[in-house]
Amino acid sequence: MSDTQSLYLETLGCQMNALDSELAFGSLTGEGYRLTDDMTTASLVILNTCSVRQHAENKVYSRLGQLKHTRRQHPDRIVAVIGCMAERDGDGLLDKAPLVDILCGPSELHRLPALVRSVRDSRSRAIALSGRLRERSTDTVPTAGHDDLEALDSGRSFAMETHVSMPRSLGRHQAYVRITRGCNKYCTFCVVPYTRGPEVHRPPDRIVEEVGRLAGNGVIEVTLLGQTINHYCHEGPDGRTDFARLLRRVHDEVPELPRLRFVTSFPRDFTDEALVAMAESPRICRYLHIPAQSGSNTQLRRMNRGYTVEQYTALLDRARSFMPDISIAGDMIVGFSGETEDDFRQSCELLRRARYKNCFIFKYSPRPGTAADDRLPDDVPDEVKRRRNNDLLAIQAEINQANHRALLGRTLEVLVEGPSKSAIKAQESEQSRGEEIDTSRNGDLRNQLVGRTRGDQIVVFEGSRELVGALVQVEVTALTPYTLHGRLGETVKPATTPAESSLALPVLGGSLQ
Ligand code: SAH
Ligand code: F3S
């Protein structure tokens, strides 16, 4: 590996970004780039950014600050800011961090290798954005349409080397597959429709083929991605494929894939057909992520969400009537413009009623360019947002504890993702300080593994690292609100290589959790 071709790639934000990073990395391996985990010495630094909350943007500025300090030692280093923040605030970024060489929005990522080449050759800045900044862009590469963007997804590298060497939020036996890009919902608080553009649905044949190839390469679990995934709809020569039909096609046409899941669902227009497709397809995980955002109808209106709390809870009831064991996750925003104590009390009520498997809770963060930022004041003081955030977290922790208690003693199917955080920490401290590990209290932490159930519960247990990538049975023996602890039971053959593991696995029937 040449030092001049080392790539540091950091990903912030959602699963879409994780997938974009993997695809971008795949496209750059053709340019000879290899990954490094040392940002300061890399010849190419790519920050794949998120704009959903200010906090995520601040992290990028802190990375750019670090790069500025080591600039003199590495004058040839190329710095690329890609993703939502590049699209949302390209101008601001260049003003605050002139060391940035490349800006590339999420809809232009197929152009990244050409942008890198152009900067390498000319040492002048290269910008590819699709939105409002287009007019002022110093574009060096011709603008491309959606077909070219499709090329990014369908040009995915299935070589295990690319798939495995990517620093991933997922285990190497898991993969994301995009089915829809962008969003048309324009929730008043959200920047995504501006950064990722309007909804575009990928052709079903391409999706089925991609999932099939991943499964053929040893992937055990595929998560289909879309901002409002249940709105998937594609008109083609074979007629109309809606989300229910797509789910059935992927499930039925890729029978060797043990687990299929999808995120994120929008609470409106979730059809019975999609729920029945889930209920009748044993390898589709009975898991839904359906953000509510608020339990107050007044707030839902101000957010432009297009449903009422009653319609939302009716959807949860409907999903549970088709699949009583379904695991449901949610998102809530506290302190959105105008949120009164009574609105907040209704969000608490919704949380108690929804009994989510987990809920992501966010303090409202005004995003420049959104309707809420233009029209609705950010009028809930930060300390009130913080208190409401903590109150919801406390309610959800109680619900988690009760949900987890109900699983005590049960044996669940777990996909082993890797060593647990404690195992990694124990190993690191052993290596760096030669520290003896105390195995008397918690067993040997170095052997701790972490995995997920079909319902997305996190399970920690002791076992050999050879089990990474295998589906195993784990009996739940202890719990906290956030983690289940268990004992390894009967094991499906360990996965030694990704490719072997898929061959060794039987197709599983029934949803264990
Ligand atoms: N449908 C998308 C939602 C993207 S944003 C998906 O795939 O998850 C993820 C979550 O961030 C939203 O559900 C919302 O709860 C939260 N969020 C979005 N904009 C926000 C803002 N301005 N302030 C605080 N939280 C926000
Ligand atoms: Fe954002 Fe609402 Fe779409 S939260 S991603 S605008 S569904």
# chains A, B, ... in the order shown; residues from 1 in each chain; ligands from 1
>>> residues_around(residues="A:Leu376", least_positions_apart="4", cutoff="9 Å", atoms="only C-alpha atoms", output="PyMOL selection string")
chain A and resi 188+302+337-338+371-372
>>> residues_near_ligand(ligand="ligand 1", cutoff="10 Å", atoms="only C-alpha atoms and all ligand atoms", output="ChimeraX atom specification")
/A:13-16,50-55,182-183,185,187-193,225-229,263-266,289-294,330-336,359-368,370,372-373
>>> atom_distance(atom1="atom CA of A:Arg178", atom2="atom CA of A:Val79")
26.6 Å
>>> atom_distance(atom1="atom CA of A:Cys233", atom2="atom CA of A:Asp153")
17.7 Å
>>> select_by_dssp(residues="stretch 171-215 of chain A", states="strand (DSSP E)", output="tab-separated table (two decimals) with N, CA, C and O atoms, in the first residue's frame")
chain	number	residue	atom	x	y	z
A	174	GLN	N	-23.95	-8.34	7.84
A	174	GLN	CA	-25.17	-7.55	7.68
A	174	GLN	C	-24.92	-6.52	6.58
A	174	GLN	O	-23.81	-6.04	6.41
A	175	ALA	N	-25.97	-6.16	5.87
A	175	ALA	CA	-25.80	-5.16	4.80
A	175	ALA	C	-27.07	-4.33	4.64
A	175	ALA	O	-28.17	-4.79	4.95
A	176	TYR	N	-26.87	-3.12	4.19
A	176	TYR	CA	-28.00	-2.25	3.86
A	176	TYR	C	-28.21	-2.26	2.35
A	176	TYR	O	-27.25	-2.32	1.57
A	177	VAL	N	-29.46	-2.18	1.94
A	177	VAL	CA	-29.79	-2.03	0.52
A	177	VAL	C	-30.82	-0.92	0.40
A	177	VAL	O	-31.87	-0.95	1.05
A	178	ARG	N	-30.50	0.08	-0.42
A	178	ARG	CA	-31.42	1.20	-0.57
A	178	ARG	C	-32.56	0.80	-1.51
A	178	ARG	O	-32.33	0.16	-2.53
A	180	THR	N	-35.36	3.30	-1.70
A	180	THR	CA	-35.87	4.63	-2.05
A	180	THR	C	-34.86	5.67	-1.61
A	180	THR	O	-34.28	5.54	-0.53
A	181	ARG	N	-34.69	6.68	-2.44
A	181	ARG	CA	-33.87	7.82	-2.05
A	181	ARG	C	-34.76	9.01	-1.80
A	181	ARG	O	-35.79	9.15	-2.46
A	200	VAL	N	-37.16	9.00	-4.91
A	200	VAL	CA	-36.94	8.23	-6.14
A	200	VAL	C	-36.88	6.76	-5.73
A	200	VAL	O	-36.15	6.40	-4.82
A	201	HIS	N	-37.69	5.95	-6.42
A	201	HIS	CA	-37.75	4.52	-6.05
A	201	HIS	C	-36.93	3.69	-7.03
A	201	HIS	O	-37.05	3.87	-8.24
>>> residues_around(residues="A:Ser422", least_positions_apart="3", cutoff="7 Å", atoms="only C-alpha atoms", output="MDAnalysis selection string")
chainID A and resid 425:426 445
>>> write_last_selection(atoms="N, CA and C atoms", output="PDB file, in the first residue's frame")
ATOM      1  N   LYS A 425     -12.761  -3.334  25.022  1.00  0.00           N
ATOM      2  CA  LYS A 425     -12.056  -2.506  26.013  1.00  0.00           C
ATOM      3  C   LYS A 425     -11.078  -3.349  26.832  1.00  0.00           C
ATOM      4  N   ALA A 426     -11.554  -4.527  27.245  1.00  0.00           N
ATOM      5  CA  ALA A 426     -10.697  -5.403  28.059  1.00  0.00           C
ATOM      6  C   ALA A 426      -9.447  -5.784  27.280  1.00  0.00           C
ATOM      7  N   LEU A 445     -14.244 -11.133  30.281  1.00  0.00           N
ATOM      8  CA  LEU A 445     -14.879 -10.154  29.397  1.00  0.00           C
ATOM      9  C   LEU A 445     -14.368 -10.268  27.971  1.00  0.00           C
TER      10      LEU A 445
END
>>> select_by_dssp(residues="stretch 289-379 of chain A", states="helix (DSSP H, G or I)", output="count of residues only")
39
>>> residues_around(residues="A:Cys104", least_positions_apart="5", cutoff="8 Å", atoms="only C-alpha atoms", output="list of chain:residue names")
A:Ala80, A:Val81, A:Ile82, A:Gly83, A:Ala86, A:Glu87, A:Leu109, A:Leu112, A:Ile127, A:Ala128, A:Leu129
>>> write_last_selection(atoms="N, CA, C and O atoms", output="PDB file, in the first residue's frame")
ATOM      1  N   ALA A  80     -12.358  15.971   1.864  1.00  0.00           N
ATOM      2  CA  ALA A  80     -13.682  15.984   1.217  1.00  0.00           C
ATOM      3  C   ALA A  80     -14.772  15.967   2.274  1.00  0.00           C
ATOM      4  O   ALA A  80     -14.731  15.152   3.201  1.00  0.00           O
ATOM      5  N   VAL A  81     -15.724  16.871   2.146  1.00  0.00           N
ATOM      6  CA  VAL A  81     -16.916  16.817   2.995  1.00  0.00           C
ATOM      7  C   VAL A  81     -18.062  16.384   2.088  1.00  0.00           C
ATOM      8  O   VAL A  81     -18.386  17.070   1.114  1.00  0.00           O
ATOM      9  N   ILE A  82     -18.601  15.217   2.395  1.00  0.00           N
ATOM     10  CA  ILE A  82     -19.672  14.690   1.544  1.00  0.00           C
ATOM     11  C   ILE A  82     -20.940  14.542   2.392  1.00  0.00           C
ATOM     12  O   ILE A  82     -20.894  14.650   3.619  1.00  0.00           O
ATOM     13  N   GLY A  83     -22.074  14.316   1.750  1.00  0.00           N
ATOM     14  CA  GLY A  83     -23.312  14.071   2.491  1.00  0.00           C
ATOM     15  C   GLY A  83     -24.125  15.327   2.742  1.00  0.00           C
ATOM     16  O   GLY A  83     -23.942  16.361   2.101  1.00  0.00           O
ATOM     17  N   ALA A  86     -22.701  18.994   3.404  1.00  0.00           N
ATOM     18  CA  ALA A  86     -22.139  19.624   2.205  1.00  0.00           C
ATOM     19  C   ALA A  86     -23.269  20.253   1.402  1.00  0.00           C
ATOM     20  O   ALA A  86     -23.189  21.386   0.951  1.00  0.00           O
ATOM     21  N   GLU A  87     -24.356  19.499   1.279  1.00  0.00           N
ATOM     22  CA  GLU A  87     -25.488  19.976   0.481  1.00  0.00           C
ATOM     23  C   GLU A  87     -26.177  21.165   1.160  1.00  0.00           C
ATOM     24  O   GLU A  87     -26.553  22.137   0.523  1.00  0.00           O
ATOM     25  N   LEU A 109     -23.000  11.438  -5.250  1.00  0.00           N
ATOM     26  CA  LEU A 109     -21.873  10.630  -4.760  1.00  0.00           C
ATOM     27  C   LEU A 109     -21.209   9.766  -5.825  1.00  0.00           C
ATOM     28  O   LEU A 109     -20.039   9.399  -5.693  1.00  0.00           O
ATOM     29  N   LEU A 112     -17.866  11.106  -6.974  1.00  0.00           N
ATOM     30  CA  LEU A 112     -16.749  11.293  -6.053  1.00  0.00           C
ATOM     31  C   LEU A 112     -15.385  10.903  -6.636  1.00  0.00           C
ATOM     32  O   LEU A 112     -14.430  11.682  -6.527  1.00  0.00           O
ATOM     33  N   ILE A 127     -16.539  20.777  -6.653  1.00  0.00           N
ATOM     34  CA  ILE A 127     -17.810  20.813  -5.928  1.00  0.00           C
ATOM     35  C   ILE A 127     -18.901  20.156  -6.766  1.00  0.00           C
ATOM     36  O   ILE A 127     -19.031  20.442  -7.951  1.00  0.00           O
ATOM     37  N   ALA A 128     -19.665  19.276  -6.148  1.00  0.00           N
ATOM     38  CA  ALA A 128     -20.813  18.677  -6.834  1.00  0.00           C
ATOM     39  C   ALA A 128     -21.981  18.645  -5.873  1.00  0.00           C
ATOM     40  O   ALA A 128     -22.026  17.832  -4.943  1.00  0.00           O
ATOM     41  N   LEU A 129     -22.898  19.571  -6.062  1.00  0.00           N
ATOM     42  CA  LEU A 129     -24.082  19.661  -5.212  1.00  0.00           C
ATOM     43  C   LEU A 129     -25.304  19.748  -6.116  1.00  0.00           C
ATOM     44  O   LEU A 129     -25.211  20.246  -7.229  1.00  0.00           O
TER      45      LEU A 129
END
>>> atom_distance(atom1="atom CA of A:Arg387", atom2="atom CA of A:Thr483")
24.3 Å
>>> closest_residue(among="A:Leu67, A:Leu19, A:Met303, A:Leu247", to="ligand 2", atoms="only C-alpha atoms and all ligand atoms")
A:Met303
>>> closest_residue(among="A:Ala56, A:Leu300, A:Ile102, A:Val222", to="ligand 2", atoms="only C-alpha atoms and all ligand atoms")
A:Leu300
>>> residues_around(residues="A:Arg88", least_positions_apart="2", cutoff="8 Å", atoms="only C-alpha atoms", output="list of chain:residue names")
A:Ser51, A:Cys84, A:Met85, A:Ala86, A:Gly90, A:Tyr194, A:Thr195
>>> closest_residue(among="A:Tyr307, A:Thr40, A:Glu108, A:Ile207", to="ligand 2", atoms="only C-alpha atoms and all ligand atoms")
A:Tyr307
>>> closest_residue(among="A:Gly455, A:Gly197, A:Phe262, A:Lys59", to="ligand 2", atoms="only C-alpha atoms and all ligand atoms")
A:Gly197
>>> residues_around(residues="A:Ser21", least_positions_apart="6", cutoff="8 Å", atoms="only C-alpha atoms", output="MDAnalysis selection string")
chainID A and resid 9 11 48
>>> closest_residue(among="A:Arg245, A:Arg71, A:Arg77, A:Arg213", to="A:Val45", atoms="only C-alpha atoms")
A:Arg77
